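Enquirer: Dropping in data_8.cif, which is mmCIF, C-alpha atoms:
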```
data_final
loop_
_atom_site.label_atom_id
_atom_site.label_comp_id
_atom_site.auth_asym_id
_atom_site.auth_seq_id
_atom_site.Cartn_x
_atom_site.Cartn_y
_atom_site.Cartn_z
CA MET A 9 -16.60 22.17 -39.95
CA THR A 10 -13.74 22.75 -42.41
CA ALA A 11 -10.30 23.98 -41.32
CA SER A 12 -10.95 27.32 -43.05
CA ALA A 13 -14.24 27.79 -41.20
CA LYS A 14 -12.57 26.94 -37.89
CA ARG A 15 -9.84 29.55 -38.52
CA ASN A 16 -12.44 32.20 -39.37
CA SER A 17 -14.47 31.40 -36.23
CA THR A 18 -11.36 31.55 -34.01
CA SER A 19 -10.33 34.85 -35.61
CA ARG A 20 -13.75 36.39 -34.94
CA ARG A 21 -13.72 35.29 -31.29
CA ARG A 22 -10.23 36.72 -30.83
CA SER A 23 -11.23 40.04 -32.40
CA ALA A 24 -14.31 40.25 -30.19
CA ALA A 25 -12.21 39.58 -27.06
CA LEU A 26 -9.70 42.28 -28.01
CA ALA A 27 -12.48 44.76 -28.69
CA ALA A 28 -14.02 44.05 -25.30
CA ARG A 29 -10.69 44.74 -23.55
CA ALA A 30 -9.91 47.85 -25.53
CA PRO A 31 -10.59 51.17 -23.71
CA THR A 32 -13.63 53.08 -24.83
CA ARG A 33 -12.68 56.10 -26.85
CA ARG A 34 -14.24 59.33 -25.82
CA SER A 35 -15.56 61.86 -28.21
CA THR A 36 -12.96 64.48 -29.06
CA GLY A 37 -15.47 67.10 -30.10
CA PRO A 38 -15.02 70.75 -29.21
CA ALA A 39 -15.14 71.51 -25.48
CA LYS A 40 -18.17 73.39 -24.25
CA ALA A 41 -17.48 76.86 -23.01
CA ALA A 42 -18.30 77.52 -19.37
CA PRO A 43 -21.39 79.70 -18.90
CA ARG A 44 -20.50 83.32 -18.27
CA ALA A 45 -22.26 85.63 -15.86
CA CYS A 46 -24.60 88.15 -17.41
CA ALA A 47 -23.02 91.56 -17.94
CA LEU A 48 -24.93 93.96 -15.69
CA GLY A 49 -26.22 97.31 -16.82
CA ALA A 50 -26.85 100.31 -14.60
CA SER A 51 -30.05 98.85 -13.09
CA GLY A 52 -28.40 95.48 -12.41
CA GLU A 53 -25.39 97.08 -10.74
CA ALA A 54 -27.64 99.26 -8.58
CA ILE A 55 -29.75 96.39 -7.30
CA ARG A 56 -26.70 94.12 -6.84
CA ALA A 57 -25.04 96.69 -4.57
CA GLN A 58 -28.21 97.20 -2.52
CA VAL A 59 -28.93 93.49 -2.14
CA GLU A 60 -25.32 92.80 -1.09
CA GLU A 61 -25.66 95.48 1.57
CA ARG A 62 -28.91 94.00 2.89
CA LEU A 63 -27.48 90.47 2.93
CA GLY A 64 -24.54 91.78 4.93
CA GLU A 65 -27.00 93.25 7.41
CA ILE A 66 -28.84 89.92 7.67
CA ARG A 67 -25.57 88.09 8.39
CA ALA A 68 -24.73 90.65 11.07
CA ILE A 69 -28.17 90.17 12.65
CA GLN A 70 -27.73 86.38 12.58
CA ALA A 71 -24.35 86.71 14.29
CA GLU A 72 -25.91 88.94 16.95
CA MET A 73 -28.79 86.50 17.52
CA SER A 74 -26.30 83.65 17.84
CA GLU A 75 -24.32 85.57 20.44
CA ILE A 76 -27.47 86.42 22.42
CA SER A 77 -28.41 82.73 22.38
CA ARG A 78 -24.94 81.67 23.52
CA ARG A 79 -24.92 84.10 26.45
CA THR A 80 -28.46 83.22 27.50
CA VAL A 81 -27.92 79.46 27.42
CA SER A 82 -24.51 79.64 29.09
CA ALA A 83 -25.79 81.86 31.93
CA SER A 84 -28.97 79.83 32.41
CA LEU A 85 -27.07 76.54 32.59
CA ALA A 86 -24.59 78.04 35.02
CA ALA A 87 -27.54 78.89 37.28
CA ALA A 88 -29.66 75.77 36.72
CA GLY A 89 -27.00 73.13 36.11
CA THR A 90 -26.27 70.82 33.19
CA ALA A 91 -28.26 67.78 34.30
CA ALA A 92 -30.39 66.38 31.48
CA LYS A 93 -33.65 67.70 32.94
CA ASP A 94 -32.30 71.19 33.65
CA MET A 95 -30.58 71.53 30.27
CA SER A 96 -33.66 70.37 28.37
CA LYS A 97 -35.85 72.94 30.13
CA VAL A 98 -33.44 75.78 29.36
CA LEU A 99 -33.08 74.84 25.69
CA GLN A 100 -36.82 74.28 25.24
CA ASP A 101 -37.44 77.74 26.68
CA VAL A 102 -34.87 79.40 24.40
CA VAL A 103 -35.98 77.68 21.18
CA ALA A 104 -39.69 78.14 21.88
CA GLY A 105 -39.09 81.83 22.59
CA VAL A 106 -37.29 82.30 19.28
CA ILE A 107 -39.97 80.49 17.24
CA GLN A 108 -42.70 82.57 18.87
CA ALA A 109 -40.78 85.82 18.42
CA ALA A 110 -40.24 85.12 14.72
CA GLY A 111 -43.92 84.35 14.25
CA GLN A 112 -45.11 87.48 16.05
CA ALA A 113 -42.64 89.73 14.23
CA GLY A 114 -43.41 88.17 10.85
CA GLY A 115 -39.80 87.03 10.51
CA ASP A 116 -38.33 83.94 8.92
CA ARG A 117 -38.34 81.15 11.49
CA SER A 118 -35.70 79.17 9.59
CA VAL A 119 -33.23 82.09 9.63
CA SER A 120 -33.83 82.69 13.32
CA ILE A 121 -33.54 79.06 14.41
CA GLU A 122 -30.27 78.58 12.52
CA ALA A 123 -28.60 81.43 14.40
CA VAL A 124 -30.07 80.50 17.77
CA ALA A 125 -29.26 76.79 17.41
CA LYS A 126 -25.64 77.65 16.67
CA GLY A 127 -25.41 79.94 19.69
CA ALA A 128 -27.22 77.48 21.97
CA ILE A 129 -24.75 74.73 21.14
CA ALA A 130 -21.88 77.11 21.93
CA GLY A 131 -23.53 77.95 25.26
CA VAL A 132 -23.91 74.26 26.15
CA GLN A 133 -20.26 73.67 25.28
CA GLU A 134 -19.19 76.52 27.57
CA ALA A 135 -21.20 74.97 30.38
CA GLN A 136 -19.65 71.57 29.57
CA GLY A 137 -23.04 70.04 28.82
CA ASN A 138 -23.85 67.06 26.60
CA LEU A 139 -23.89 68.32 22.98
CA VAL A 140 -25.71 65.29 21.55
CA ARG A 141 -28.54 65.62 24.06
CA ALA A 142 -28.64 69.39 23.56
CA ALA A 143 -28.86 69.08 19.78
CA ALA A 144 -31.70 66.56 20.03
CA THR A 145 -33.64 68.88 22.35
CA ILE A 146 -33.13 71.86 20.03
CA MET A 147 -34.38 69.93 16.99
CA LYS A 148 -37.36 68.38 18.75
CA THR A 149 -38.49 71.70 20.22
CA ALA A 150 -38.04 73.57 16.95
CA LEU A 151 -40.17 71.05 15.04
CA LYS A 152 -42.90 70.83 17.67
CA GLU A 153 -43.19 74.61 18.10
CA THR A 154 -43.18 75.22 14.35
CA ASN A 155 -45.80 72.56 13.73
CA ALA A 156 -47.97 73.92 16.56
CA ALA A 157 -47.82 77.36 14.90
CA GLY A 158 -49.01 75.84 11.63
CA ALA A 159 -45.79 76.85 9.86
CA GLU A 160 -43.51 74.93 7.47
CA ALA A 161 -41.47 72.49 9.55
CA ALA A 162 -39.13 71.11 6.89
CA GLU A 163 -37.11 74.27 6.31
CA VAL A 164 -36.90 74.88 10.05
CA ALA A 165 -35.50 71.35 10.44
CA ARG A 166 -32.86 72.02 7.78
CA SER A 167 -31.88 75.36 9.33
CA ALA A 168 -31.75 73.94 12.86
CA LEU A 169 -29.48 71.15 11.63
CA GLN A 170 -27.19 73.66 9.91
CA GLY A 171 -26.91 75.79 13.04
CA ILE A 172 -26.26 72.74 15.21
CA ALA A 173 -23.57 71.42 12.84
CA GLU A 174 -21.77 74.77 12.62
CA GLY A 175 -21.99 75.37 16.37
CA THR A 176 -20.65 71.89 17.17
CA SER A 177 -17.82 72.19 14.67
CA GLU A 178 -16.73 75.57 16.04
CA ALA A 179 -16.97 74.27 19.60
CA GLY A 180 -14.59 71.45 18.70
CA GLY A 181 -17.14 68.70 19.31
CA ASN A 182 -17.77 65.57 17.26
CA ALA A 183 -20.00 67.19 14.64
CA SER A 184 -20.67 63.97 12.71
CA GLU A 185 -21.94 62.21 15.83
CA VAL A 186 -24.09 65.17 16.81
CA VAL A 187 -25.55 65.57 13.31
CA ASN A 188 -26.42 61.87 13.09
CA ALA A 189 -28.16 61.98 16.47
CA THR A 190 -30.00 65.17 15.51
CA ILE A 191 -31.35 63.65 12.31
CA ARG A 192 -32.56 60.59 14.23
CA SER A 193 -34.36 62.90 16.65
CA ALA A 194 -35.92 64.82 13.78
CA PHE A 195 -37.25 61.60 12.24
CA ALA A 196 -38.65 60.50 15.59
CA VAL A 197 -40.50 63.81 16.04
CA ALA A 198 -41.64 63.78 12.40
CA ASP A 199 -43.54 60.55 13.09
CA ASP A 200 -45.79 62.54 15.46
CA LEU A 201 -46.48 65.30 12.93
CA GLY A 202 -49.10 65.30 10.22
CA LYS A 203 -48.51 63.16 7.14
CA LEU A 204 -47.46 66.06 4.88
CA ALA A 205 -45.12 67.57 7.48
CA ARG A 206 -43.61 64.16 8.22
CA GLU A 207 -42.82 63.46 4.59
CA ALA A 208 -41.46 66.97 4.01
CA VAL A 209 -39.06 66.69 6.97
CA ARG A 210 -37.88 63.28 5.84
CA GLN A 211 -37.25 64.44 2.28
CA VAL A 212 -35.39 67.58 3.38
CA LEU A 213 -33.09 65.67 5.76
CA ALA A 214 -32.62 62.58 3.58
CA GLY A 215 -28.95 62.24 2.71
CA SER A 216 -27.95 65.12 4.98
CA VAL A 217 -25.58 62.94 7.00
CA GLU A 218 -23.13 62.57 4.11
CA GLY A 219 -23.43 66.21 3.08
CA TRP A 220 -22.84 67.56 6.56
CA ALA A 221 -19.97 65.18 7.17
CA GLU A 222 -18.19 66.75 4.21
CA ILE A 223 -19.01 70.28 5.39
CA VAL A 224 -17.75 69.50 8.88
CA LYS A 225 -14.54 68.00 7.49
CA THR A 226 -13.86 71.11 5.40
CA ARG A 227 -14.68 73.48 8.25
CA ARG A 228 -12.44 71.57 10.66
CA ALA A 229 -9.55 71.77 8.18
CA GLU A 230 -10.05 75.53 7.86
CA MET A 231 -10.07 75.96 11.64
CA GLU A 232 -6.93 73.84 12.02
CA LYS A 233 -5.19 75.92 9.36
CA ALA A 234 -6.15 79.15 11.16
CA ARG A 235 -4.95 77.71 14.50
CA LYS A 236 -1.57 76.77 13.04
CA ALA A 237 -1.22 80.26 11.53
CA VAL A 238 -1.84 81.84 14.96
CA LEU A 239 0.70 79.51 16.61
CA ALA A 240 3.27 80.28 13.90
CA ARG A 241 2.87 84.04 14.46
CA ALA A 242 3.14 83.59 18.22
CA HIS A 243 6.33 81.54 17.75
CA VAL A 244 7.97 84.09 15.45
CA ALA A 245 7.06 87.21 17.46
CA PRO A 246 9.32 86.61 20.53
CA HIS A 247 12.34 86.06 18.26
CA ALA A 248 11.81 89.18 16.20
CA ALA A 249 14.85 91.45 16.27
CA PRO A 250 14.36 94.55 18.47
CA GLN A 251 14.01 97.79 16.58
CA ALA A 252 16.55 100.53 17.07
CA ALA A 253 15.44 103.34 19.34
#
```
The structure in this file should be written as structure tokens.
Expert:
Amino acid sequence: MTASAKRNSTSRRRSAALAARAPTRRSTGPAKAAPRACALGASGEAIRAQVEERLGEIRAIQAEMSEISRRTVSASLAAAGTAAKDMSKVLQDVVAGVIQAAGQAGGDRSVSIEAVAKGAIAGVQEAQGNLVRAAATIMKTALKETNAAGAEAAEVARSALQGIAEGTSEAGGNASEVVNATIRSAFAVADDLGKLAREAVRQVLAGSVEGWAEIVKTRRAEMEKARKAVLARAHVAPHAAPQAA
């Protein structure tokens, strides 16, 4: 190879190496505008207002169901005790009653179980029971009762998990640990269900651990912020200057 050819070959290799190290340039085309909400006419505004009102009513009903569940579980555990056998019987009774009530009333089982699971966890916490064991019992009973009724089990599993996660987080428990244990229980029960129900439950809950961990983290930060705000107000109040008579 001649000296000239060697220089050209070395130059090409050097250029290729520099190109490989150079940062990739991004397209500087015009930025896409964010999609805007549709401007509502008279009909749209009318239905929006009515739907918002109904959704508010649903949330109020869910809160009431959660409170009923909390009181029932707390009182029942106070009477029966928080041993594993006693607690399981109480929670099985409560969850089965809710699933049956929703079926007989033609209601949404998933909406009902979310509220009741949240309240049940709060009731167990008040009675100083084991939250991990309670959550597993709630999930297992919800899936078995729903499957026995011939209803869709996957959405009930998702809703039960949401209620359990929210209830645990608000109770100050280890929500990540409880959620992980609950998902394991759901998978174990799903193995006893029919093939379609088993696959549906697995698909719905797949990846939920990471998602709920993030939700729990955010919710815990919000609760801590609210707690600090209450403490700050309590600290300032006693030092407030007395008003003139």
Enquirer: Rounded to one decimal place, report the atom CA of Asp200 of chain A-atom CA of Ala128 of chain A distance in Å.
Expert: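 Atom CA of Asp200 of chain A sits 24.7 Å away from atom CA of Ala128 of chain A.
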Enquirer: For the structure shown, which residues end up in the PyMOL selection byres ((chain A and resi 179) around 10)? Put them as a short mmCIF file (atom, residue, chain, number, x, y, z; two decimals) with C-alpha atoms, in the coordinates of the input, please?
Expert:
```
data_model
loop_
_atom_site.label_atom_id
_atom_site.label_comp_id
_atom_site.auth_asym_id
_atom_site.auth_seq_id
_atom_site.Cartn_x
_atom_site.Cartn_y
_atom_site.Cartn_z
CA LYS A 126 -25.64 77.65 16.67
CA ILE A 129 -24.75 74.73 21.14
CA ALA A 130 -21.88 77.11 21.93
CA GLY A 131 -23.53 77.95 25.26
CA VAL A 132 -23.91 74.26 26.15
CA GLN A 133 -20.26 73.67 25.28
CA GLU A 134 -19.19 76.52 27.57
CA LEU A 139 -23.89 68.32 22.98
CA ALA A 173 -23.57 71.42 12.84
CA GLU A 174 -21.77 74.77 12.62
CA GLY A 175 -21.99 75.37 16.37
CA THR A 176 -20.65 71.89 17.17
CA SER A 177 -17.82 72.19 14.67
CA GLU A 178 -16.73 75.57 16.04
CA GLY A 180 -14.59 71.45 18.70
CA GLY A 181 -17.14 68.70 19.31
CA ASN A 182 -17.77 65.57 17.26
CA ALA A 183 -20.00 67.19 14.64
#
```
Enquirer: For the atom pair atom CA of Leu213 of chain A and atom CA of Ile146 of chain A, what is the interatomic distance in Å to one decimal place?
Expert: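 Separation of atom CA of Leu213 of chain A and atom CA of Ile146 of chain A: 15.6 Å.
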Enquirer: With distances taken over all atoms listed in the file, which of A:Ala240, A:Met147, A:Ile55, A:Leu63 is nearest to Ala194 of chain A?
Expert: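 Using all atoms listed in the file, the shortest distance to Ala194 of chain A belongs to A:Met147.
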Enquirer: Separation of atom CA of Arg192 of chain A and atom CA of Ser120 of chain A, in Å?
Expert: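 Value for the atom CA of Arg192 of chain A-atom CA of Ser120 of chain A distance: 22.2 Å.
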Enquirer: Could you list, as an MDAnalysis selection string, every residue within 9 Å of Val212 of chain A, counting all atoms listed in the file and ignoring same-chain residues fewer than 4 positions away?
Expert: chainID A and resid 162:163 165:166 207:208 216
Enquirer: List the spatial neighbours of Ile69 of chain A as a ChimeraX atom specification - criterion: any atom at most 12 Å away, all atoms listed in the file, same-chain residues fewer than 5 positions off excluded.
Expert: /A:62-64,74-76,119-120,122-124
Enquirer: Which neighbours of Asp116 of chain A fall inside 12 Å, counting all atoms listed in the file, when residues of the same chain fewer than 2 positions from it are skipped, and could you give them as a PDB file with C-alpha atoms, keeping the file's coordinate frame?
Expert:
```pdb
ATOM      1  CA  ILE A  66     -28.840  89.920   7.670  1.00  0.00           C
ATOM      2  CA  GLN A  70     -27.730  86.380  12.580  1.00  0.00           C
ATOM      3  CA  VAL A 106     -37.290  82.300  19.280  1.00  0.00           C
ATOM      4  CA  ILE A 107     -39.970  80.490  17.240  1.00  0.00           C
ATOM      5  CA  GLN A 108     -42.700  82.570  18.870  1.00  0.00           C
ATOM      6  CA  ALA A 109     -40.780  85.820  18.420  1.00  0.00           C
ATOM      7  CA  ALA A 110     -40.240  85.120  14.720  1.00  0.00           C
ATOM      8  CA  GLY A 111     -43.920  84.350  14.250  1.00  0.00           C
ATOM      9  CA  GLN A 112     -45.110  87.480  16.050  1.00  0.00           C
ATOM     10  CA  ALA A 113     -42.640  89.730  14.230  1.00  0.00           C
ATOM     11  CA  GLY A 114     -43.410  88.170  10.850  1.00  0.00           C
ATOM     12  CA  SER A 118     -35.700  79.170   9.590  1.00  0.00           C
ATOM     13  CA  VAL A 119     -33.230  82.090   9.630  1.00  0.00           C
ATOM     14  CA  SER A 120     -33.830  82.690  13.320  1.00  0.00           C
ATOM     15  CA  ILE A 121     -33.540  79.060  14.410  1.00  0.00           C
ATOM     16  CA  GLU A 122     -30.270  78.580  12.520  1.00  0.00           C
ATOM     17  CA  ALA A 123     -28.600  81.430  14.400  1.00  0.00           C
ATOM     18  CA  THR A 154     -43.180  75.220  14.350  1.00  0.00           C
ATOM     19  CA  ALA A 159     -45.790  76.850   9.860  1.00  0.00           C
ATOM     20  CA  GLU A 160     -43.510  74.930   7.470  1.00  0.00           C
ATOM     21  CA  ALA A 161     -41.470  72.490   9.550  1.00  0.00           C
ATOM     22  CA  GLU A 163     -37.110  74.270   6.310  1.00  0.00           C
ATOM     23  CA  VAL A 164     -36.900  74.880  10.050  1.00  0.00           C
ATOM     24  CA  SER A 167     -31.880  75.360   9.330  1.00  0.00           C
TER      25      SER A 167
END
```
Enquirer: Have a look at A:Arg235, A:Ile172, A:Ala57, A:Ala205 and name the one nearest to Ala143 of chain A; count all atoms listed in the file.
Expert: A:Ile172
Enquirer: Filtering to N, CA and C atoms, could segment 81-104 of chain A of the supplied structure be written out as an mmCIF file, in the first residue's frame?
Expert:
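The new file decode-v8.cif reads:
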```cif
data_model
loop_
_atom_site.group_PDB
_atom_site.id
_atom_site.type_symbol
_atom_site.label_atom_id
_atom_site.label_comp_id
_atom_site.auth_asym_id
_atom_site.auth_seq_id
_atom_site.Cartn_x
_atom_site.Cartn_y
_atom_site.Cartn_z
ATOM 1 N N VAL A 81 -65.980 -4.101 60.817
ATOM 2 C CA VAL A 81 -64.794 -4.935 61.051
ATOM 3 C C VAL A 81 -64.183 -4.630 62.412
ATOM 4 N N SER A 82 -64.058 -3.357 62.737
ATOM 5 C CA SER A 82 -63.453 -2.973 64.007
ATOM 6 C C SER A 82 -64.252 -3.527 65.185
ATOM 7 N N ALA A 83 -65.582 -3.387 65.137
ATOM 8 C CA ALA A 83 -66.435 -3.876 66.224
ATOM 9 C C ALA A 83 -66.414 -5.396 66.303
ATOM 10 N N SER A 84 -66.437 -6.055 65.153
ATOM 11 C CA SER A 84 -66.442 -7.521 65.137
ATOM 12 C C SER A 84 -65.136 -8.083 65.675
ATOM 13 N N LEU A 85 -64.016 -7.461 65.316
ATOM 14 C CA LEU A 85 -62.723 -7.935 65.811
ATOM 15 C C LEU A 85 -62.563 -7.651 67.300
ATOM 16 N N ALA A 86 -63.150 -6.551 67.754
ATOM 17 C CA ALA A 86 -63.092 -6.255 69.184
ATOM 18 C C ALA A 86 -63.830 -7.333 69.977
ATOM 19 N N ALA A 87 -64.903 -7.877 69.375
ATOM 20 C CA ALA A 87 -65.691 -8.908 70.052
ATOM 21 C C ALA A 87 -65.072 -10.293 69.874
ATOM 22 N N ALA A 88 -64.567 -10.581 68.659
ATOM 23 C CA ALA A 88 -64.069 -11.931 68.369
ATOM 24 C C ALA A 88 -62.589 -12.101 68.667
ATOM 25 N N GLY A 89 -61.829 -11.028 68.538
ATOM 26 C CA GLY A 89 -60.384 -11.109 68.714
ATOM 27 C C GLY A 89 -59.671 -11.027 67.379
ATOM 28 N N THR A 90 -58.365 -10.816 67.421
ATOM 29 C CA THR A 90 -57.592 -10.626 66.185
ATOM 30 C C THR A 90 -56.697 -11.818 65.866
ATOM 31 N N ALA A 91 -56.973 -12.962 66.456
ATOM 32 C CA ALA A 91 -56.239 -14.172 66.080
ATOM 33 C C ALA A 91 -56.523 -14.458 64.611
ATOM 34 N N ALA A 92 -55.592 -15.136 63.957
ATOM 35 C CA ALA A 92 -55.715 -15.371 62.514
ATOM 36 C C ALA A 92 -57.054 -15.992 62.140
ATOM 37 N N LYS A 93 -57.491 -16.995 62.885
ATOM 38 C CA LYS A 93 -58.738 -17.684 62.567
ATOM 39 C C LYS A 93 -59.936 -16.761 62.720
ATOM 40 N N ASP A 94 -59.969 -16.008 63.827
ATOM 41 C CA ASP A 94 -61.092 -15.099 64.084
ATOM 42 C C ASP A 94 -61.148 -13.987 63.044
ATOM 43 N N MET A 95 -59.985 -13.389 62.747
ATOM 44 C CA MET A 95 -59.947 -12.289 61.797
ATOM 45 C C MET A 95 -60.362 -12.747 60.404
ATOM 46 N N SER A 96 -59.899 -13.919 59.995
ATOM 47 C CA SER A 96 -60.259 -14.437 58.680
ATOM 48 C C SER A 96 -61.758 -14.637 58.564
ATOM 49 N N LYS A 97 -62.385 -15.169 59.608
ATOM 50 C CA LYS A 97 -63.831 -15.405 59.562
ATOM 51 C C LYS A 97 -64.595 -14.094 59.442
ATOM 52 N N VAL A 98 -64.182 -13.090 60.196
ATOM 53 C CA VAL A 98 -64.854 -11.785 60.137
ATOM 54 C C VAL A 98 -64.734 -11.173 58.748
ATOM 55 N N LEU A 99 -63.519 -11.164 58.202
ATOM 56 C CA LEU A 99 -63.297 -10.550 56.895
ATOM 57 C C LEU A 99 -63.983 -11.330 55.772
ATOM 58 N N GLN A 100 -63.985 -12.649 55.862
ATOM 59 C CA GLN A 100 -64.683 -13.453 54.867
ATOM 60 C C GLN A 100 -66.174 -13.129 54.876
ATOM 61 N N ASP A 101 -66.730 -12.983 56.070
ATOM 62 C CA ASP A 101 -68.147 -12.644 56.209
ATOM 63 C C ASP A 101 -68.457 -11.282 55.565
ATOM 64 N N VAL A 102 -67.627 -10.288 55.877
ATOM 65 C CA VAL A 102 -67.849 -8.934 55.386
ATOM 66 C C VAL A 102 -67.744 -8.878 53.862
ATOM 67 N N VAL A 103 -66.674 -9.440 53.311
ATOM 68 C CA VAL A 103 -66.463 -9.385 51.856
ATOM 69 C C VAL A 103 -67.526 -10.179 51.119
ATOM 70 N N ALA A 104 -67.852 -11.367 51.605
ATOM 71 C CA ALA A 104 -68.880 -12.181 50.958
ATOM 72 C C ALA A 104 -70.225 -11.458 50.978
#
```
